[in-house]
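**Q** Got a structure for you, written out below as structure tokens; questions coming shortly.
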Amino acid sequence: MGIQRIESVTYGIDDVAECVRFFDDFGLFLLERTDEHAVFETLTGQTLHLDTVPGPLLPPPLEPGPTIREIVWGVDTREELARLVAELNRDRTVHESVDGVFHTVDESGFGVGLTLARPKDADVTPRPANALGSVDRWNSALEPLTRAFPLRMCHVALNIVKEGREEAVAFYTDRLGFRPTDIVEPMGVFMQAPGDDDQHTMLLCHRPDRAGINHIAYEVPGFDDVIEGGNHMIERGWREARKLGRHTVGSNVFRFLHAPCGGRVEYAADMDRVDDTYETRVHETTPPHHIWALRSNRDQDAPAT
């Protein structure tokens with residue numbers, strides 16, 4: 001089938017301690033830490049690498065300051081991995097590292113890696129919900145979650161330069177097997193990896209003249225995890241980047257936070273799942289960013305007195 005998921009992500013950073021504190025609060029699990037780097041893991045075994053001196057196989061950063069340097073995609077079989085590596089070798093250099101990752105660069109200059117997927121099983125137990133005629137919780141009150149522990153990195157959004165956007169998208173669709181699920185002509189292309197059932201695994205977002213990280217989304221089991229995870233981050237002193245809401249494209253509930261590694265991270269839940277019968281939607285104008293977003297009286301001008 002091909003690419004299944006995001007396997008790992010590497011950022012070039014300035015401050016190891018600050019990034020470690022952020023992702024510990026965010027709910028990832030620390031595997032390794034030195035003065036120069038740290039490695040975290042999700043519940044399903046994906047890894048996040050934070051490096052002050054990223055390795056020599058990674059391309060230069062595309063923007064100043066801390067930012068993403070490489071996304072490694074997990075492939076289902078050795079045969080399919082060999083096929084994809086051979087495809088990329090046709091027109092660009094591919095280097096294999098000792099950990100079995102094949103490293104190259106996409107059309108925009110982002111680092112791209114391929115390796116065998118190594119998923120871990122995770123105990124996914126969304127909170128049971130009650131509604132008239134559909135009762136899943138009897139004789140049991142809910143307890144606070146207090147914080148979130150992400151199951152997985154579910155999608156990545158990258159900013160790309162608008163000029164050359166067709167070639168940037170074609171690298172993933174024609175060479176790596178992604179398929180467009182929503183094409184928003186003024187804004188970007190949402191794409192699904194061949195082994196994923198999320199409405200999108202990747203977004204390439206057009207910008208007039210700059211490329212860089214937009215955000216990485218981390219799936220949590222449910223709505224409460226999005227709320228309580230975000231609340232925990234704010235209590236720990238981190239800054240929210242966007243109010244709680246539910247996206248239009250993908251339908252997932254979201255909460256964004258500014259991250260010291262560059263860009264933003266998102267708690268996400270209840271993403272649309274789509275199969276091969278889902279037809280690509282083409283939008284000539286950009287749909288609203290969200291179906292709804294949290295509002296209060298504080299968002300309105302105070303009434304005249």
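Ligands are numbered from 1 in the order shown, residues from 1 within each chain, and chains are lettered A, B, ... in the order they appear in the structure tokens.
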As a ChimeraX atom specification, which residues of region 62-186 of chain A does DSSP assign to strand (DSSP E or B)?
**A** /A:67-75,95-96,102-105,111-116,130-131,134-135,152-161,179-184
**Q** Which residues are close to region 175-191 of chain A, i.e. within 8 Å by only C-alpha atoms, leaving aside same-chain residues fewer than 6 positions away? Reply as a PyMOL selection string.
**A** chain A and resi 2-3+84+87-88+169+199-207+249+278-287
**Q** Closest to Arg239 (chain A) among A:Lys120, A:Arg255, A:His95, A:Arg147, using only C-alpha atoms?
**A**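 That would be A:Arg255, the residue with the smallest distance to Arg239 (chain A).
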**Q** Quick one: residues within 9 Å of Glu18 (chain A), only C-alpha atoms counted, chain neighbours fewer than 5 positions away excluded, as a list in words?
**A**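 Counting only the stated atoms, we get Phe23, Pro260 and Cys261 of chain A.
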**Q** Work out how far CA of Gly230 (chain A) is from CA of Ser140 (chain A), in Å to one decimal.
**A**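 CA of Ser140 (chain A) sits 25.0 Å away from CA of Gly230 (chain A).
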**Q** Compile the contact shell of Asp24 (chain A) as a short mmCIF file (atom, residue, chain, number, x, y, z; two decimals) with N, CA and C atoms, in the first residue's frame: residues with an atom at most 12 Å away, counting only C-alpha atoms, same-chain residues fewer than 4 positions apart removed.
**A**
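Heads up, here's the output in around26.cif:
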data_model
loop_
_atom_site.label_atom_id
_atom_site.label_comp_id
_atom_site.auth_asym_id
_atom_site.auth_seq_id
_atom_site.Cartn_x
_atom_site.Cartn_y
_atom_site.Cartn_z
N VAL A 16 17.00 23.51 24.38
CA VAL A 16 16.55 22.15 24.68
C VAL A 16 15.63 22.14 25.89
N ALA A 17 16.01 22.84 26.95
CA ALA A 17 15.23 22.81 28.19
C ALA A 17 13.82 23.32 27.98
N GLU A 18 13.68 24.41 27.23
CA GLU A 18 12.36 24.99 26.99
C GLU A 18 11.50 24.05 26.16
N CYS A 19 12.07 23.43 25.15
CA CYS A 19 11.31 22.50 24.32
C CYS A 19 10.94 21.23 25.08
N VAL A 20 11.83 20.75 25.92
CA VAL A 20 11.52 19.57 26.73
C VAL A 20 10.37 19.88 27.69
N LEU A 28 3.68 14.25 25.64
CA LEU A 28 4.52 13.25 25.02
C LEU A 28 5.46 12.64 26.05
N PHE A 29 6.13 11.55 25.67
CA PHE A 29 6.95 10.79 26.62
C PHE A 29 8.42 10.90 26.24
N LEU A 30 9.22 11.40 27.17
CA LEU A 30 10.64 11.63 26.92
C LEU A 30 11.40 10.31 26.87
N LEU A 31 12.12 10.08 25.77
CA LEU A 31 12.93 8.88 25.62
C LEU A 31 14.40 9.14 25.88
N ALA A 38 16.84 16.19 22.30
CA ALA A 38 15.89 15.38 23.07
C ALA A 38 15.01 14.63 22.09
N VAL A 39 14.52 13.47 22.54
CA VAL A 39 13.62 12.65 21.73
C VAL A 39 12.40 12.32 22.57
N PHE A 40 11.22 12.57 22.00
CA PHE A 40 9.95 12.23 22.63
C PHE A 40 9.23 11.19 21.77
N GLU A 41 8.24 10.54 22.38
CA GLU A 41 7.47 9.52 21.69
C GLU A 41 5.98 9.71 21.96
N THR A 42 5.15 9.40 20.94
CA THR A 42 3.71 9.35 21.13
C THR A 42 3.32 7.96 21.63
N LEU A 48 9.56 12.34 18.09
CA LEU A 48 9.80 13.76 17.87
C LEU A 48 11.23 14.04 18.30
N ARG A 147 -5.30 16.66 31.93
CA ARG A 147 -4.34 16.91 30.85
C ARG A 147 -4.55 15.88 29.75
N ALA A 148 -3.83 16.05 28.64
CA ALA A 148 -3.98 15.15 27.49
C ALA A 148 -2.68 14.39 27.23
N PHE A 149 -2.83 13.20 26.66
CA PHE A 149 -1.69 12.40 26.21
C PHE A 149 -1.97 11.99 24.76
N PRO A 150 -1.34 12.67 23.80
CA PRO A 150 -1.65 12.40 22.39
C PRO A 150 -1.40 10.95 21.98
N GLY A 229 -6.53 19.32 27.79
CA GLY A 229 -5.13 19.43 27.41
C GLY A 229 -4.72 20.87 27.19
N HIS A 232 -4.56 22.74 30.49
CA HIS A 232 -3.33 22.40 31.22
C HIS A 232 -2.14 23.18 30.67
N MET A 233 -2.05 23.29 29.35
CA MET A 233 -0.93 24.02 28.75
C MET A 233 -0.97 25.50 29.15
N ARG A 236 0.22 25.98 32.57
CA ARG A 236 1.67 25.83 32.66
C ARG A 236 2.43 27.00 32.04
#
**Q** Extract, using only C-alpha atoms, all DNA, RNA and protein residues at most 10 Å from Glu240 (chain A), discarding same-chain residues fewer than 6 positions from it, and format them as an MDAnalysis selection string.
**A** chainID A and resid 230:231 233:234 255:259 264:266
**Q** Got time to write the residues from that selection, C-alpha atoms, as a JSON list (two decimals), in the first residue's frame?
**A**
[["chain", "number", "residue", "atom", "x", "y", "z"],
["A", 230, "GLY", "CA", -5.28, 23.04, 26.25],
["A", 231, "ASN", "CA", -6.28, 24.24, 29.69],
["A", 233, "MET", "CA", -0.93, 24.02, 28.75],
["A", 234, "ILE", "CA", -2.26, 27.49, 29.57],
["A", 255, "ARG", "CA", -6.92, 23.76, 19.86],
["A", 256, "PHE", "CA", -3.62, 25.34, 18.80],
["A", 257, "LEU", "CA", -0.59, 26.34, 20.86],
["A", 258, "HIS", "CA", 2.56, 28.27, 19.97],
["A", 259, "ALA", "CA", 5.55, 25.92, 20.25],
["A", 264, "ARG", "CA", 2.31, 25.60, 16.34],
["A", 265, "VAL", "CA", 1.01, 22.28, 17.60],
["A", 266, "GLU", "CA", -2.62, 21.21, 17.61]]
**Q** Select, from A:Gly263, A:Gly164, A:Pro144, A:Gly237, the residue with the minimum atom-to-atom distance to Gly212 (chain A), counting only C-alpha atoms.
**A**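 Between A:Gly263, A:Gly164, A:Pro144, A:Gly237, the residue approaching Gly212 (chain A) most closely is A:Gly263.
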**Q** Looking at only C-alpha atoms, which of A:Arg246, A:His49, A:His289, A:Arg210 is the one that sits closest to Tyr267 (chain A)?
**A**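 Closest to Tyr267 (chain A) of all the choices is A:Arg246.
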**Q** As a list in words, please: the residues near Val94 (chain A) (cut-off 12 Å, only C-alpha atoms, same-chain neighbours under 3 positions excluded).
**A**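 These residues fall inside the cut-off: Leu57, Leu58, Pro59, Ala82, Leu84, Val85, Ala86, Glu87, Leu88, Asn89, Arg90, Asp91, Ser97, Val101, Phe102, His103, Thr104, Val105, Asp106, Gly111, Val112, Gly113 and Leu114 of chain A.
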**Q** Suppose we keep C-alpha atoms; can you now write the selection as a short mmCIF file (atom, residue, chain, number, x, y, z; two decimals), in the first residue's frame?
**A**
data_model
loop_
_atom_site.label_atom_id
_atom_site.label_comp_id
_atom_site.auth_asym_id
_atom_site.auth_seq_id
_atom_site.Cartn_x
_atom_site.Cartn_y
_atom_site.Cartn_z
CA LEU A 57 21.80 14.52 6.15
CA LEU A 58 19.18 17.20 6.77
CA PRO A 59 18.79 20.17 4.41
CA ALA A 82 12.55 -0.05 -1.86
CA LEU A 84 9.67 4.48 -3.27
CA VAL A 85 13.40 4.97 -2.67
CA ALA A 86 14.15 3.89 -6.25
CA GLU A 87 11.53 6.33 -7.52
CA LEU A 88 13.13 9.23 -5.65
CA ASN A 89 16.62 8.21 -6.73
CA ARG A 90 15.66 8.94 -10.33
CA ASP A 91 16.15 12.67 -9.95
CA SER A 97 21.41 6.44 7.61
CA VAL A 101 15.95 5.96 7.25
CA PHE A 102 16.35 7.14 3.65
CA HIS A 103 16.80 10.93 3.56
CA THR A 104 16.15 13.33 0.70
CA VAL A 105 14.57 16.74 0.01
CA ASP A 106 11.22 17.72 -1.52
CA GLY A 111 13.71 17.25 4.48
CA VAL A 112 11.81 14.07 3.61
CA GLY A 113 12.60 10.63 4.97
CA LEU A 114 11.26 7.14 4.33
#
**Q** Figure out the distance between CA of Ala268 (chain A) and CA of Asp225 (chain A), please, to one decimal in Å.
**A**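 CA of Asp225 (chain A) sits 8.8 Å away from CA of Ala268 (chain A).
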**Q** As an MDAnalysis selection string, please: every residue in region 152-266 of chain A that a backbone DSSP assignment puts in helix (DSSP H, G or I).
**A** chainID A and resid 165:175 223:235
**Q** Restrict the selected residues to N, CA and C atoms and save them as a short mmCIF file (atom, residue, chain, number, x, y, z; two decimals), in the first residue's frame.
**A**
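Writing the result to selection-v1.cif gives the following:
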data_model
loop_
_atom_site.label_atom_id
_atom_site.label_comp_id
_atom_site.auth_asym_id
_atom_site.auth_seq_id
_atom_site.Cartn_x
_atom_site.Cartn_y
_atom_site.Cartn_z
N ARG A 165 3.87 25.85 -6.75
CA ARG A 165 3.07 25.01 -5.87
C ARG A 165 2.61 23.72 -6.54
N GLU A 166 2.37 23.76 -7.86
CA GLU A 166 1.94 22.54 -8.55
C GLU A 166 3.01 21.46 -8.46
N GLU A 167 4.27 21.86 -8.67
CA GLU A 167 5.38 20.89 -8.59
C GLU A 167 5.55 20.39 -7.15
N ALA A 168 5.34 21.29 -6.18
CA ALA A 168 5.48 20.89 -4.78
C ALA A 168 4.45 19.84 -4.40
N VAL A 169 3.22 20.02 -4.85
CA VAL A 169 2.17 19.05 -4.58
C VAL A 169 2.41 17.75 -5.35
N ALA A 170 2.83 17.86 -6.61
CA ALA A 170 3.04 16.67 -7.44
C ALA A 170 4.12 15.75 -6.87
N PHE A 171 5.09 16.30 -6.17
CA PHE A 171 6.10 15.45 -5.54
C PHE A 171 5.44 14.42 -4.62
N TYR A 172 4.45 14.85 -3.87
CA TYR A 172 3.79 13.95 -2.93
C TYR A 172 2.73 13.08 -3.60
N THR A 173 2.01 13.64 -4.57
CA THR A 173 0.94 12.86 -5.20
C THR A 173 1.49 11.90 -6.25
N ASP A 174 2.38 12.38 -7.11
CA ASP A 174 2.87 11.55 -8.21
C ASP A 174 4.01 10.63 -7.79
N ARG A 175 4.80 11.06 -6.83
CA ARG A 175 6.00 10.29 -6.49
C ARG A 175 5.78 9.41 -5.25
N PHE A 223 -13.15 15.02 22.68
CA PHE A 223 -13.38 16.44 22.86
C PHE A 223 -12.81 16.93 24.19
N ASP A 224 -13.07 16.17 25.28
CA ASP A 224 -12.59 16.60 26.60
C ASP A 224 -11.08 16.69 26.65
N ASP A 225 -10.39 15.80 25.94
CA ASP A 225 -8.92 15.83 25.92
C ASP A 225 -8.42 17.11 25.26
N VAL A 226 -9.12 17.55 24.21
CA VAL A 226 -8.74 18.81 23.56
C VAL A 226 -8.90 19.97 24.54
N ILE A 227 -10.04 20.01 25.24
CA ILE A 227 -10.31 21.10 26.19
C ILE A 227 -9.32 21.06 27.35
N GLU A 228 -9.24 19.93 28.01
CA GLU A 228 -8.44 19.85 29.23
C GLU A 228 -6.94 19.88 28.94
N GLY A 229 -6.53 19.32 27.79
CA GLY A 229 -5.13 19.43 27.41
C GLY A 229 -4.72 20.87 27.19
N GLY A 230 -5.57 21.62 26.46
CA GLY A 230 -5.28 23.04 26.25
C GLY A 230 -5.28 23.84 27.54
N ASN A 231 -6.23 23.54 28.41
CA ASN A 231 -6.28 24.24 29.69
C ASN A 231 -5.00 23.99 30.50
N HIS A 232 -4.56 22.74 30.49
CA HIS A 232 -3.33 22.40 31.22
C HIS A 232 -2.14 23.18 30.67
N MET A 233 -2.05 23.29 29.35
CA MET A 233 -0.93 24.02 28.75
C MET A 233 -0.97 25.50 29.15
N ILE A 234 -2.14 26.10 29.17
CA ILE A 234 -2.26 27.49 29.57
C ILE A 234 -1.89 27.66 31.04
N GLU A 235 -2.32 26.73 31.88
CA GLU A 235 -1.95 26.78 33.30
C GLU A 235 -0.44 26.67 33.49
#
**Q** Would you compute the distance between CA of Ala122 (chain A) and CA of Gly45 (chain A)? Give it in Å to one decimal.
**A** 9.0 Å
**Q** Would you mind telling me which residue in A:Leu62, A:Ala141, A:Cys154, A:Leu244 lies nearest to Asp209 (chain A) when using only C-alpha atoms?
**A**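 Closest candidate: A:Leu62.
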**Q** Find the residues near Leu151 (chain A): any atom within 7 Å, counting only C-alpha atoms, skip ones fewer than 4 places away on the same chain, and give them as a list of chain:residue names.
**A**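 Listing them by chain and then by number gives A:Thr42, A:Leu43, A:Thr44, A:Glu219, A:Val220.
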**Q** Quick one: of A:Gln46, A:Gln4, A:Asn139, A:Asn130, who's nearest to Gly195 (chain A), counting only C-alpha atoms?
**A**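 Result for the nearest residue to Gly195 (chain A): A:Gln4.
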